[in-house]
>>> print(open('data17.cif').read())   # mmCIF, C-alpha atoms
data_entry
#
loop_
_atom_site.label_atom_id
_atom_site.label_comp_id
_atom_site.auth_asym_id
_atom_site.auth_seq_id
_atom_site.Cartn_x
_atom_site.Cartn_y
_atom_site.Cartn_z
CA MET G 1 16.64 -53.48 74.71
CA LYS G 2 13.51 -54.19 72.73
CA PHE G 3 11.96 -51.56 70.43
CA ASN G 4 8.28 -51.18 69.84
CA ARG G 5 7.83 -51.71 66.11
CA ARG G 6 4.95 -49.25 65.88
CA ILE G 7 6.97 -46.51 67.57
CA VAL G 8 9.90 -47.05 65.17
CA LEU G 9 7.66 -46.81 62.12
CA ALA G 10 6.01 -43.65 63.42
CA VAL G 11 9.36 -41.99 64.08
CA ALA G 12 10.58 -42.93 60.60
CA ALA G 13 7.48 -41.49 58.97
CA ALA G 14 7.84 -38.25 60.93
CA ALA G 15 11.48 -37.97 59.86
CA LEU G 16 10.56 -38.40 56.23
CA ALA G 17 7.87 -35.77 56.57
CA LEU G 18 10.29 -33.29 58.14
CA ALA G 19 12.85 -33.99 55.42
CA GLY G 20 10.33 -33.08 52.74
CA CYS G 21 9.26 -29.80 54.33
CA GLY G 22 12.01 -27.83 52.60
CA GLN G 23 11.25 -29.14 49.14
CA LYS G 24 9.11 -27.17 46.67
CA GLU G 25 6.39 -28.92 44.79
CA GLU G 26 7.21 -29.06 41.09
CA VAL G 27 4.83 -27.04 38.86
CA ALA G 28 4.30 -28.06 35.25
CA PRO G 29 5.53 -25.31 32.85
CA VAL G 30 2.85 -23.26 31.08
CA PRO G 31 2.94 -24.08 27.37
CA LYS G 32 4.07 -21.15 25.22
CA ALA G 33 1.34 -19.67 23.01
CA GLU G 34 1.69 -20.40 19.32
CA PRO G 35 2.56 -17.30 17.25
CA LEU G 36 -0.14 -15.74 15.10
CA LYS G 37 0.53 -16.71 11.50
CA VAL G 38 0.28 -13.76 9.11
CA ALA G 39 0.61 -14.04 5.32
CA PHE G 40 1.13 -11.56 2.49
CA VAL G 41 0.57 -12.16 -1.22
CA TYR G 42 2.46 -9.91 -3.64
CA VAL G 43 1.84 -9.27 -7.33
CA GLY G 44 5.49 -8.55 -8.10
CA PRO G 45 8.94 -9.41 -6.78
CA VAL G 46 9.95 -7.76 -3.51
CA GLY G 47 13.04 -6.24 -5.09
CA ASP G 48 14.39 -3.02 -3.61
CA ALA G 49 11.83 -0.43 -4.74
CA GLY G 50 8.20 0.09 -5.67
CA TRP G 51 4.77 -1.22 -4.69
CA THR G 52 5.68 -4.71 -3.51
CA PHE G 53 8.82 -3.49 -1.76
CA ALA G 54 6.67 -0.98 0.17
CA HIS G 55 4.25 -3.73 1.26
CA ASP G 56 7.10 -5.97 2.35
CA SER G 57 8.52 -3.11 4.41
CA GLY G 58 5.11 -3.10 6.13
CA ARG G 59 5.42 -6.84 6.79
CA LYS G 60 8.81 -6.25 8.40
CA ALA G 61 7.26 -3.55 10.59
CA VAL G 62 4.83 -6.20 11.90
CA GLU G 63 7.74 -8.48 12.79
CA ALA G 64 9.62 -5.65 14.50
CA LYS G 65 6.56 -4.70 16.55
CA PHE G 66 5.38 -8.12 17.72
CA GLY G 67 8.51 -10.29 17.68
CA ASP G 68 7.82 -13.95 18.47
CA LYS G 69 4.10 -13.28 18.91
CA VAL G 70 3.76 -13.51 15.14
CA LYS G 71 5.15 -15.53 12.29
CA THR G 72 4.94 -13.84 8.91
CA THR G 73 5.32 -15.31 5.45
CA PHE G 74 4.93 -13.98 1.92
CA VAL G 75 4.49 -15.26 -1.60
CA GLU G 76 5.78 -12.95 -4.33
CA SER G 77 5.08 -12.60 -8.06
CA VAL G 78 1.61 -14.15 -7.87
CA PRO G 79 -0.33 -13.41 -11.09
CA GLU G 80 -3.73 -11.74 -10.87
CA SER G 81 -5.36 -14.59 -12.79
CA ALA G 82 -8.17 -16.14 -10.74
CA ALA G 83 -6.74 -19.66 -10.74
CA ASP G 84 -3.23 -18.66 -9.61
CA ALA G 85 -4.40 -16.27 -6.91
CA GLU G 86 -7.05 -18.66 -5.57
CA ARG G 87 -4.54 -21.50 -5.30
CA VAL G 88 -2.14 -19.35 -3.26
CA PHE G 89 -4.82 -17.95 -0.93
CA ARG G 90 -6.29 -21.40 -0.35
CA ASP G 91 -2.87 -22.87 0.38
CA LEU G 92 -2.00 -20.13 2.89
CA ALA G 93 -5.34 -20.50 4.68
CA SER G 94 -4.86 -24.27 4.88
CA GLN G 95 -1.42 -23.74 6.46
CA GLY G 96 -2.99 -22.04 9.48
CA ASN G 97 -2.48 -18.38 8.65
CA LYS G 98 -5.11 -16.41 10.57
CA ILE G 99 -4.89 -13.16 8.62
CA ILE G 100 -3.95 -12.93 4.94
CA PHE G 101 -3.28 -9.71 3.02
CA GLY G 102 -3.70 -9.65 -0.77
CA THR G 103 -1.95 -6.59 -2.14
CA THR G 104 -3.36 -5.92 -5.59
CA PHE G 105 -6.70 -5.13 -7.25
CA GLY G 106 -6.82 -8.30 -9.36
CA TYR G 107 -6.89 -10.62 -6.32
CA MET G 108 -10.37 -9.48 -5.28
CA GLU G 109 -12.57 -12.22 -6.73
CA ALA G 110 -10.19 -15.05 -5.84
CA MET G 111 -9.86 -13.84 -2.25
CA LEU G 112 -13.62 -13.44 -1.89
CA LYS G 113 -14.12 -17.03 -3.04
CA VAL G 114 -11.54 -18.46 -0.65
CA ALA G 115 -12.78 -16.34 2.27
CA LYS G 116 -16.18 -18.05 2.06
CA ASP G 117 -14.50 -21.43 2.55
CA PHE G 118 -12.39 -20.30 5.54
CA PRO G 119 -14.72 -18.30 7.82
CA ASP G 120 -12.26 -18.40 10.74
CA VAL G 121 -9.50 -16.72 8.72
CA LYS G 122 -9.33 -12.94 8.31
CA PHE G 123 -8.66 -11.70 4.78
CA GLU G 124 -7.79 -8.16 3.70
CA HIS G 125 -7.73 -6.97 0.11
CA ALA G 126 -5.87 -3.88 -1.12
CA THR G 127 -7.47 -1.43 -3.60
CA GLY G 128 -10.63 -3.44 -4.35
CA PHE G 129 -14.30 -2.77 -3.67
CA LYS G 130 -15.79 -6.05 -2.39
CA SER G 131 -15.88 -7.33 1.18
CA ALA G 132 -17.39 -10.03 3.38
CA ASP G 133 -17.79 -10.74 7.11
CA ASN G 134 -14.20 -12.01 7.18
CA MET G 135 -12.80 -9.95 4.29
CA ALA G 136 -11.95 -6.27 4.65
CA GLN G 137 -10.71 -3.68 2.17
CA TYR G 138 -7.87 -1.20 2.53
CA ASP G 139 -6.19 1.36 0.31
CA ALA G 140 -3.89 4.36 0.29
CA ARG G 141 -4.80 7.77 -1.07
CA ASN G 142 -2.02 7.62 -3.64
CA TYR G 143 -3.55 10.56 -5.47
CA GLU G 144 -2.29 12.81 -2.65
CA GLY G 145 1.30 11.80 -3.42
CA ALA G 146 0.62 12.24 -7.15
CA TYR G 147 -0.77 15.72 -6.52
CA MET G 148 2.30 16.79 -4.55
CA ALA G 149 4.51 15.40 -7.33
CA GLY G 150 2.47 17.50 -9.75
CA LEU G 151 3.16 20.64 -7.72
CA ILE G 152 6.86 20.06 -8.32
CA ALA G 153 6.45 19.03 -11.97
CA GLY G 154 4.54 22.19 -12.82
CA LYS G 155 7.36 24.33 -11.45
CA VAL G 156 10.13 22.36 -13.16
CA SER G 157 8.76 21.60 -16.64
CA LYS G 158 10.04 23.89 -19.37
CA SER G 159 8.18 22.25 -22.25
CA GLY G 160 4.80 22.34 -20.48
CA LYS G 161 4.44 18.63 -21.31
CA LEU G 162 4.25 15.99 -18.60
CA GLY G 163 4.12 12.23 -19.09
CA VAL G 164 2.70 9.30 -17.12
CA VAL G 165 3.68 5.67 -17.55
CA ALA G 166 0.41 4.05 -16.49
CA SER G 167 -0.41 0.48 -15.52
CA ILE G 168 -4.07 -0.68 -15.51
CA PRO G 169 -6.95 1.72 -16.38
CA ILE G 170 -8.89 1.48 -13.10
CA PRO G 171 -10.11 4.44 -10.98
CA GLU G 172 -7.11 4.18 -8.65
CA VAL G 173 -4.68 4.87 -11.51
CA ILE G 174 -6.85 7.39 -13.34
CA ARG G 175 -7.18 9.39 -10.09
CA ASN G 176 -3.40 9.57 -9.86
CA ILE G 177 -3.01 10.83 -13.43
CA ASP G 178 -5.67 13.48 -12.82
CA ALA G 179 -4.25 14.56 -9.46
CA PHE G 180 -0.73 14.83 -10.92
CA THR G 181 -2.09 17.10 -13.64
CA MET G 182 -4.14 19.24 -11.23
CA GLY G 183 -1.10 19.75 -9.02
CA ALA G 184 0.98 20.90 -11.99
CA GLN G 185 -1.77 23.29 -13.12
CA ILE G 186 -1.35 25.30 -9.89
CA SER G 187 1.86 26.69 -11.40
CA ASN G 188 1.05 26.34 -15.10
CA PRO G 189 -2.67 26.19 -16.02
CA LYS G 190 -1.77 25.39 -19.65
CA ILE G 191 0.24 22.29 -18.85
CA LYS G 192 -0.58 19.08 -20.74
CA THR G 193 -0.18 15.47 -19.65
CA LYS G 194 0.39 12.58 -22.03
CA VAL G 195 -0.29 8.98 -20.94
CA VAL G 196 1.05 5.65 -22.17
CA TRP G 197 -0.68 2.53 -20.78
CA ILE G 198 1.32 -0.70 -20.52
CA ASN G 199 -1.50 -2.79 -18.97
CA LYS G 200 0.82 -4.30 -16.39
CA TRP G 201 1.88 -3.33 -12.90
CA PHE G 202 5.45 -4.54 -13.27
CA ASP G 203 7.30 -4.87 -16.57
CA PRO G 204 10.59 -2.95 -16.64
CA GLY G 205 10.97 -3.43 -20.40
CA LYS G 206 7.55 -2.01 -21.23
CA GLU G 207 7.98 0.75 -18.66
CA ARG G 208 11.22 1.78 -20.33
CA GLU G 209 9.60 1.73 -23.79
CA ALA G 210 6.69 3.86 -22.56
CA ALA G 211 9.01 6.41 -20.93
CA THR G 212 11.11 6.62 -24.09
CA SER G 213 7.99 7.15 -26.19
CA LEU G 214 6.79 9.98 -23.95
CA ILE G 215 10.17 11.71 -24.03
CA SER G 216 10.18 11.51 -27.83
CA GLN G 217 6.88 13.44 -27.75
CA GLY G 218 8.48 16.38 -25.94
CA VAL G 219 7.77 15.38 -22.33
CA ASP G 220 10.41 16.63 -19.91
CA VAL G 221 8.95 15.42 -16.57
CA LEU G 222 7.68 11.87 -16.02
CA MET G 223 5.57 10.19 -13.36
CA GLN G 224 4.71 6.51 -13.21
CA ASN G 225 2.03 4.30 -11.74
CA THR G 226 4.10 1.17 -12.25
CA ASP G 227 6.35 -0.76 -9.92
CA SER G 228 9.94 -0.69 -11.17
CA PRO G 229 12.47 2.19 -11.30
CA ALA G 230 12.71 1.86 -15.11
CA THR G 231 10.87 5.14 -15.80
CA LEU G 232 13.17 7.07 -13.49
CA GLN G 233 16.26 5.38 -14.91
CA THR G 234 15.17 6.21 -18.46
CA ALA G 235 14.69 9.86 -17.49
CA GLN G 236 18.22 9.91 -16.07
CA GLU G 237 19.64 8.44 -19.29
CA LYS G 238 17.73 10.93 -21.46
CA GLY G 239 18.49 14.02 -19.37
CA LYS G 240 14.88 14.51 -18.18
CA PHE G 241 13.19 14.51 -14.77
CA ALA G 242 11.00 11.93 -13.05
CA PHE G 243 9.59 10.81 -9.71
CA GLY G 244 9.92 7.68 -7.62
CA TRP G 245 6.66 5.90 -6.90
CA ASP G 246 5.43 3.91 -3.85
CA SER G 247 8.87 3.86 -2.22
CA ASP G 248 11.94 6.11 -2.17
CA MET G 249 13.64 5.53 -5.52
CA SER G 250 16.17 8.33 -5.23
CA LYS G 251 19.15 5.96 -5.47
CA PHE G 252 18.05 4.96 -8.99
CA GLY G 253 17.57 8.42 -10.43
CA GLY G 254 20.63 10.56 -9.89
CA LYS G 255 19.98 14.11 -11.04
CA ALA G 256 16.68 13.06 -12.67
CA HIS G 257 14.99 12.26 -9.36
CA LEU G 258 12.77 15.16 -8.31
CA ALA G 259 11.12 13.40 -5.33
CA SER G 260 9.42 10.12 -4.44
CA ALA G 261 5.74 9.73 -3.62
CA VAL G 262 5.75 6.97 -1.01
CA ILE G 263 3.28 4.77 0.85
CA ASN G 264 3.97 3.72 4.45
CA TRP G 265 2.00 0.49 4.97
CA GLY G 266 3.63 -0.46 8.28
CA GLY G 267 1.28 1.44 10.58
CA TYR G 268 -1.79 -0.11 8.99
CA TYR G 269 -0.46 -3.66 9.04
CA VAL G 270 0.61 -3.36 12.68
CA GLN G 271 -2.85 -2.04 13.57
CA GLU G 272 -4.69 -4.89 11.85
CA VAL G 273 -2.48 -7.64 13.26
CA GLU G 274 -2.89 -6.18 16.75
CA LYS G 275 -6.68 -6.34 16.31
CA VAL G 276 -6.46 -10.05 15.49
CA LEU G 277 -4.20 -10.71 18.47
CA ASN G 278 -6.73 -8.97 20.74
CA ASN G 279 -9.79 -10.55 19.10
CA GLN G 280 -10.97 -7.09 18.00
CA TRP G 281 -10.75 -7.45 14.21
CA LYS G 282 -13.78 -6.38 12.17
CA THR G 283 -14.43 -6.14 8.47
CA GLY G 284 -14.67 -2.71 6.86
CA PHE G 285 -12.86 -0.30 4.56
CA ALA G 286 -9.82 1.83 5.41
CA TRP G 287 -8.41 4.52 3.12
CA GLY G 288 -5.36 6.25 4.54
CA GLY G 289 -3.60 9.37 3.36
CA VAL G 290 -1.29 12.14 4.49
CA LYS G 291 -3.25 12.76 7.68
CA ASP G 292 -2.87 9.09 8.65
CA GLY G 293 0.87 9.04 8.02
CA MET G 294 0.38 6.66 5.09
CA ILE G 295 1.21 9.01 2.19
CA ASP G 296 4.19 11.32 1.89
CA ILE G 297 6.58 12.82 -0.63
CA VAL G 298 10.24 12.48 0.29
CA THR G 299 13.83 13.14 -0.78
CA LEU G 300 13.16 16.30 -2.79
CA ASN G 301 15.85 17.22 -5.28
CA ALA G 302 18.38 19.58 -3.67
CA THR G 303 18.23 21.91 -6.67
CA LEU G 304 14.54 22.72 -6.16
CA GLY G 305 13.92 26.31 -5.08
CA ASN G 306 12.45 27.27 -1.73
CA ASP G 307 9.25 28.38 -3.46
CA VAL G 308 8.67 24.81 -4.66
CA LYS G 309 9.42 23.28 -1.29
CA GLU G 310 7.20 25.78 0.50
CA LEU G 311 4.33 25.10 -1.90
CA VAL G 312 4.60 21.35 -1.28
CA GLU G 313 4.74 21.82 2.49
CA GLU G 314 1.75 24.17 2.41
CA LYS G 315 -0.44 21.66 0.56
CA LYS G 316 0.83 18.74 2.62
CA LYS G 317 -0.09 20.56 5.82
CA GLY G 318 -3.54 21.29 4.41
CA LEU G 319 -4.06 17.62 3.54
CA ALA G 320 -2.93 16.62 7.03
CA ASP G 321 -5.28 18.92 8.91
CA GLY G 322 -8.17 18.77 6.43
CA SER G 323 -8.06 22.44 5.48
CA PHE G 324 -7.23 21.68 1.85
CA ALA G 325 -9.08 19.46 -0.65
CA ILE G 326 -7.55 18.41 -3.96
CA TRP G 327 -10.88 17.50 -5.54
CA LYS G 328 -12.86 20.71 -5.31
CA GLY G 329 -15.02 22.28 -8.01
CA PRO G 330 -15.24 23.73 -10.48
CA LEU G 331 -13.70 20.74 -12.23
CA LYS G 332 -14.06 19.72 -15.87
CA ASP G 333 -13.06 16.61 -17.73
CA ASN G 334 -11.00 16.90 -20.91
CA THR G 335 -14.12 17.12 -23.08
CA GLY G 336 -15.27 20.28 -21.27
CA LYS G 337 -17.98 18.54 -19.22
CA VAL G 338 -18.37 19.80 -15.64
CA VAL G 339 -17.82 16.83 -13.33
CA LEU G 340 -17.73 18.77 -10.06
CA GLU G 341 -19.65 21.98 -9.48
CA LYS G 342 -18.04 25.13 -8.11
CA ASP G 343 -17.02 24.92 -4.43
CA LYS G 344 -18.26 21.33 -4.12
CA VAL G 345 -15.77 18.94 -2.51
CA ALA G 346 -15.72 15.40 -3.85
CA ASP G 347 -16.68 12.64 -1.43
CA ASP G 348 -15.21 9.16 -1.46
CA ASP G 349 -18.03 7.80 -3.61
CA PHE G 350 -17.05 10.32 -6.29
CA LEU G 351 -13.38 9.42 -6.00
CA HIS G 352 -14.05 5.69 -6.27
CA ASN G 353 -15.74 6.31 -9.60
CA VAL G 354 -13.19 8.55 -11.31
CA THR G 355 -13.09 7.13 -14.84
CA PHE G 356 -12.39 10.38 -16.71
CA TYR G 357 -9.37 12.50 -17.54
CA VAL G 358 -9.44 16.04 -16.17
CA ASP G 359 -8.90 19.01 -18.44
CA GLY G 360 -5.23 19.01 -19.40
CA VAL G 361 -4.83 15.24 -19.85
CA GLU G 362 -4.69 14.28 -23.50
CA GLY G 363 -6.50 11.35 -25.11
CA LYS G 364 -9.24 9.01 -23.93
CA VAL G 365 -9.36 6.60 -21.00
CA PRO G 366 -9.12 3.03 -22.37
CA ASN G 367 -12.18 0.83 -21.94
#
>>> encode(input="data17.cif", output="structure tokens")
Amino acid sequence: MKFNRRIVLAVAAAALALAGCGQKEEVAPVPKAEPLKVAFVYVGPVGDAGWTFAHDSGRKAVEAKFGDKVKTTFVESVPESAADAERVFRDLASQGNKIIFGTTFGYMEAMLKVAKDFPDVKFEHATGFKSADNMAQYDARNYEGAYMAGLIAGKVSKSGKLGVVASIPIPEVIRNIDAFTMGAQISNPKIKTKVVWINKWFDPGKEREAATSLISQGVDVLMQNTDSPATLQTAQEKGKFAFGWDSDMSKFGGKAHLASAVINWGGYYVQEVEKVLNNQWKTGFAWGGVKDGMIDIVTLNATLGNDVKELVEEKKKGLADGSFAIWKGPLKDNTGKVVLEKDKVADDDFLHNVTFYVDGVEGKVPN
């Protein structure tokens, strides 16, 4: 029997076509999106307490929220000198980080300079006052935590003398000293506050020396605007009281720890990173406080009376709902000059320019 060659070829082709009907066409995999690179620059070591620790807790909140959508990095103990800070910011921008947070006042000028050279990178600067199209500002109303600490200090102090271990004489720190004093004056209008400046944010040795000096002057309750637990530890050793600052320092203070004024940066950092991911980021200024969930006072000493706790809760509630203002006249500085008229409530412009001690704080603000 002879076969027609054309018929055989046609049948073979049809068979091959039928055999392929059940096969799925292979689709090339969609490439996975690269994670958003987010960087943080810290003035001190992360450690386990204080300002830098609180910021790093915020960084971890970003990782927990976004998972593999982000890749975070940090550089710690970066000096505020222009050359050091600029080098670090420039290096991080060159590595492809798309948003960079600088977490101390002294980074402002260096960040501003680098931001001009990297217009596609978002920069955010904590506690400063300069911005650009791609550089925003953010801060926490630390004075609210200081005020609530003062409410407790005024009730506890038996000598009527409070002490503050202070870092750098800028409005941010002066506000905290003033607010601490005003809070204490609610219970004891005659209370006095002594201040020792160490001109550093983090120096446990100098912090300890300053705390010791204040105690030798009759101070029995201490607050700090520095980053280590040294002030609290010194109070514990000397049988005095003190507060944790920026993070919960209760584990360092034993019986000396009255409470900790804390900053919760996580919510803000998550918000800003989400804006970058959604292409919604804009420059501006954010200043969060109790009502934003950024400022709180925690781990109150168990020996404090209910009257103290109720007073703190009352003022905290007022700060949260806006019914209470810390900075309300009449208010005088410690030379007797009226700085805020009766019933006038300070606006943010006023607060940004607080360079005076209120009545009750001893001494002069350093130049």
>>> closest_residue(input="data17.cif", among="G:Gly163, G:Gly218, G:Gly253, G:Gly239", to="Gly360 of chain G", atoms="all atoms listed in the file")
G:Gly163
>>> closest_atom_pairs(input="data17.cif", of="segment 72-152 of chain G", to="segment 195-207 of chain G", cutoff="12 Å", atoms="all atoms listed in the file", output="Markdown table")
| residue | atom | partner | partner_atom | distance |
| --- | --- | --- | --- | --- |
| G:Ser77 | CA | G:Phe202 | CA | 9.6 |
| G:Val78 | CA | G:Phe202 | CA | 11.7 |
| G:Pro79 | CA | G:Trp201 | CA | 10.5 |
| G:Glu80 | CA | G:Trp201 | CA | 10.3 |
| G:Thr103 | CA | G:Trp201 | CA | 11.9 |
| G:Thr104 | CA | G:Trp201 | CA | 9.4 |
| G:Phe105 | CA | G:Trp201 | CA | 10.4 |
| G:Gly106 | CA | G:Trp201 | CA | 10.6 |
>>> atom_distance(input="data17.cif", atom1="atom CA of Glu63 of chain G", atom2="atom CA of Tyr269 of chain G")
10.2 Å
>>> resolve_selection(input="data17.cif", expression="the PyMOL selection byres ((chain G and resi 155) around 10)", output="compact mmCIF listing (two decimals) with C-alpha atoms, keeping the file's coordinate frame")
# COMPACT_ATOMS: atom_id res chain seq x y z
CA GLY G 150 2.47 17.50 -9.75
CA LEU G 151 3.16 20.64 -7.72
CA ILE G 152 6.86 20.06 -8.32
CA ALA G 153 6.45 19.03 -11.97
CA GLY G 154 4.54 22.19 -12.82
CA VAL G 156 10.13 22.36 -13.16
CA SER G 157 8.76 21.60 -16.64
CA LYS G 158 10.04 23.89 -19.37
CA GLY G 160 4.80 22.34 -20.48
CA GLY G 183 -1.10 19.75 -9.02
CA ALA G 184 0.98 20.90 -11.99
CA GLN G 185 -1.77 23.29 -13.12
CA ILE G 186 -1.35 25.30 -9.89
CA SER G 187 1.86 26.69 -11.40
CA ASN G 188 1.05 26.34 -15.10
CA LEU G 304 14.54 22.72 -6.16
CA GLY G 305 13.92 26.31 -5.08
CA ASP G 307 9.25 28.38 -3.46
CA VAL G 308 8.67 24.81 -4.66
>>> atom_distance(input="data17.cif", atom1="atom CA of Ala286 of chain G", atom2="atom CA of Lys130 of chain G")
12.6 Å
>>> decode(input="data17.cif", residues="segment 260-268 of chain G", atoms="all heavy atoms", output="PDB file, in the first residue's frame")
ATOM      1  N   SER G 260       9.034  57.951  84.065  1.00  0.00           N
ATOM      2  CA  SER G 260       9.843  58.263  82.887  1.00  0.00           C
ATOM      3  C   SER G 260       8.998  59.035  81.879  1.00  0.00           C
ATOM      4  O   SER G 260       7.886  58.605  81.528  1.00  0.00           O
ATOM      5  CB  SER G 260      10.362  56.982  82.218  1.00  0.00           C
ATOM      6  OG  SER G 260      11.445  56.431  82.930  1.00  0.00           O
ATOM      7  N   ALA G 261       9.536  60.171  81.441  1.00  0.00           N
ATOM      8  CA  ALA G 261       8.913  60.936  80.358  1.00  0.00           C
ATOM      9  C   ALA G 261       9.442  60.364  79.050  1.00  0.00           C
ATOM     10  O   ALA G 261      10.643  60.418  78.788  1.00  0.00           O
ATOM     11  CB  ALA G 261       9.268  62.414  80.485  1.00  0.00           C
ATOM     12  N   VAL G 262       8.564  59.792  78.234  1.00  0.00           N
ATOM     13  CA  VAL G 262       9.012  59.040  77.064  1.00  0.00           C
ATOM     14  C   VAL G 262       8.505  59.664  75.763  1.00  0.00           C
ATOM     15  O   VAL G 262       7.512  60.392  75.737  1.00  0.00           O
ATOM     16  CB  VAL G 262       8.548  57.566  77.137  1.00  0.00           C
ATOM     17  CG1 VAL G 262       9.094  56.910  78.399  1.00  0.00           C
ATOM     18  CG2 VAL G 262       7.026  57.455  77.088  1.00  0.00           C
ATOM     19  N   ILE G 263       9.228  59.350  74.688  1.00  0.00           N
ATOM     20  CA  ILE G 263       8.825  59.749  73.336  1.00  0.00           C
ATOM     21  C   ILE G 263       8.604  58.483  72.519  1.00  0.00           C
ATOM     22  O   ILE G 263       9.475  57.606  72.475  1.00  0.00           O
ATOM     23  CB  ILE G 263       9.892  60.605  72.635  1.00  0.00           C
ATOM     24  CG1 ILE G 263      10.395  61.726  73.532  1.00  0.00           C
ATOM     25  CG2 ILE G 263       9.330  61.185  71.332  1.00  0.00           C
ATOM     26  CD1 ILE G 263      11.545  62.515  72.935  1.00  0.00           C
ATOM     27  N   ASN G 264       7.461  58.389  71.864  1.00  0.00           N
ATOM     28  CA  ASN G 264       7.155  57.257  70.994  1.00  0.00           C
ATOM     29  C   ASN G 264       7.286  57.714  69.533  1.00  0.00           C
ATOM     30  O   ASN G 264       6.368  58.309  68.970  1.00  0.00           O
ATOM     31  CB  ASN G 264       5.732  56.756  71.270  1.00  0.00           C
ATOM     32  CG  ASN G 264       5.555  56.319  72.710  1.00  0.00           C
ATOM     33  OD1 ASN G 264       6.349  55.545  73.226  1.00  0.00           O
ATOM     34  ND2 ASN G 264       4.511  56.809  73.373  1.00  0.00           N
ATOM     35  N   TRP G 265       8.438  57.433  68.918  1.00  0.00           N
ATOM     36  CA  TRP G 265       8.704  57.884  67.550  1.00  0.00           C
ATOM     37  C   TRP G 265       8.102  56.962  66.487  1.00  0.00           C
ATOM     38  O   TRP G 265       8.009  57.326  65.312  1.00  0.00           O
ATOM     39  CB  TRP G 265      10.210  57.971  67.314  1.00  0.00           C
ATOM     40  CG  TRP G 265      10.927  58.999  68.123  1.00  0.00           C
ATOM     41  CD1 TRP G 265      11.761  58.783  69.188  1.00  0.00           C
ATOM     42  CD2 TRP G 265      10.900  60.427  67.948  1.00  0.00           C
ATOM     43  NE1 TRP G 265      12.251  59.970  69.677  1.00  0.00           N
ATOM     44  CE2 TRP G 265      11.749  60.994  68.935  1.00  0.00           C
ATOM     45  CE3 TRP G 265      10.246  61.272  67.044  1.00  0.00           C
ATOM     46  CZ2 TRP G 265      11.950  62.367  69.049  1.00  0.00           C
ATOM     47  CZ3 TRP G 265      10.454  62.642  67.149  1.00  0.00           C
ATOM     48  CH2 TRP G 265      11.289  63.179  68.144  1.00  0.00           C
ATOM     49  N   GLY G 266       7.739  55.747  66.873  1.00  0.00           N
ATOM     50  CA  GLY G 266       7.328  54.744  65.900  1.00  0.00           C
ATOM     51  C   GLY G 266       6.200  55.175  64.992  1.00  0.00           C
ATOM     52  O   GLY G 266       6.255  54.982  63.766  1.00  0.00           O
ATOM     53  N   GLY G 267       5.150  55.759  65.556  1.00  0.00           N
ATOM     54  CA  GLY G 267       4.002  56.174  64.751  1.00  0.00           C
ATOM     55  C   GLY G 267       4.386  57.177  63.676  1.00  0.00           C
ATOM     56  O   GLY G 267       3.927  57.101  62.527  1.00  0.00           O
ATOM     57  N   TYR G 268       5.253  58.120  64.040  1.00  0.00           N
ATOM     58  CA  TYR G 268       5.667  59.135  63.071  1.00  0.00           C
ATOM     59  C   TYR G 268       6.519  58.522  61.963  1.00  0.00           C
ATOM     60  O   TYR G 268       6.307  58.800  60.775  1.00  0.00           O
ATOM     61  CB  TYR G 268       6.441  60.254  63.756  1.00  0.00           C
ATOM     62  CG  TYR G 268       6.884  61.318  62.770  1.00  0.00           C
ATOM     63  CD1 TYR G 268       5.976  62.261  62.293  1.00  0.00           C
ATOM     64  CD2 TYR G 268       8.192  61.334  62.277  1.00  0.00           C
ATOM     65  CE1 TYR G 268       6.359  63.218  61.355  1.00  0.00           C
ATOM     66  CE2 TYR G 268       8.584  62.285  61.338  1.00  0.00           C
ATOM     67  CZ  TYR G 268       7.662  63.218  60.886  1.00  0.00           C
ATOM     68  OH  TYR G 268       8.033  64.151  59.944  1.00  0.00           O
TER      69      TYR G 268
END
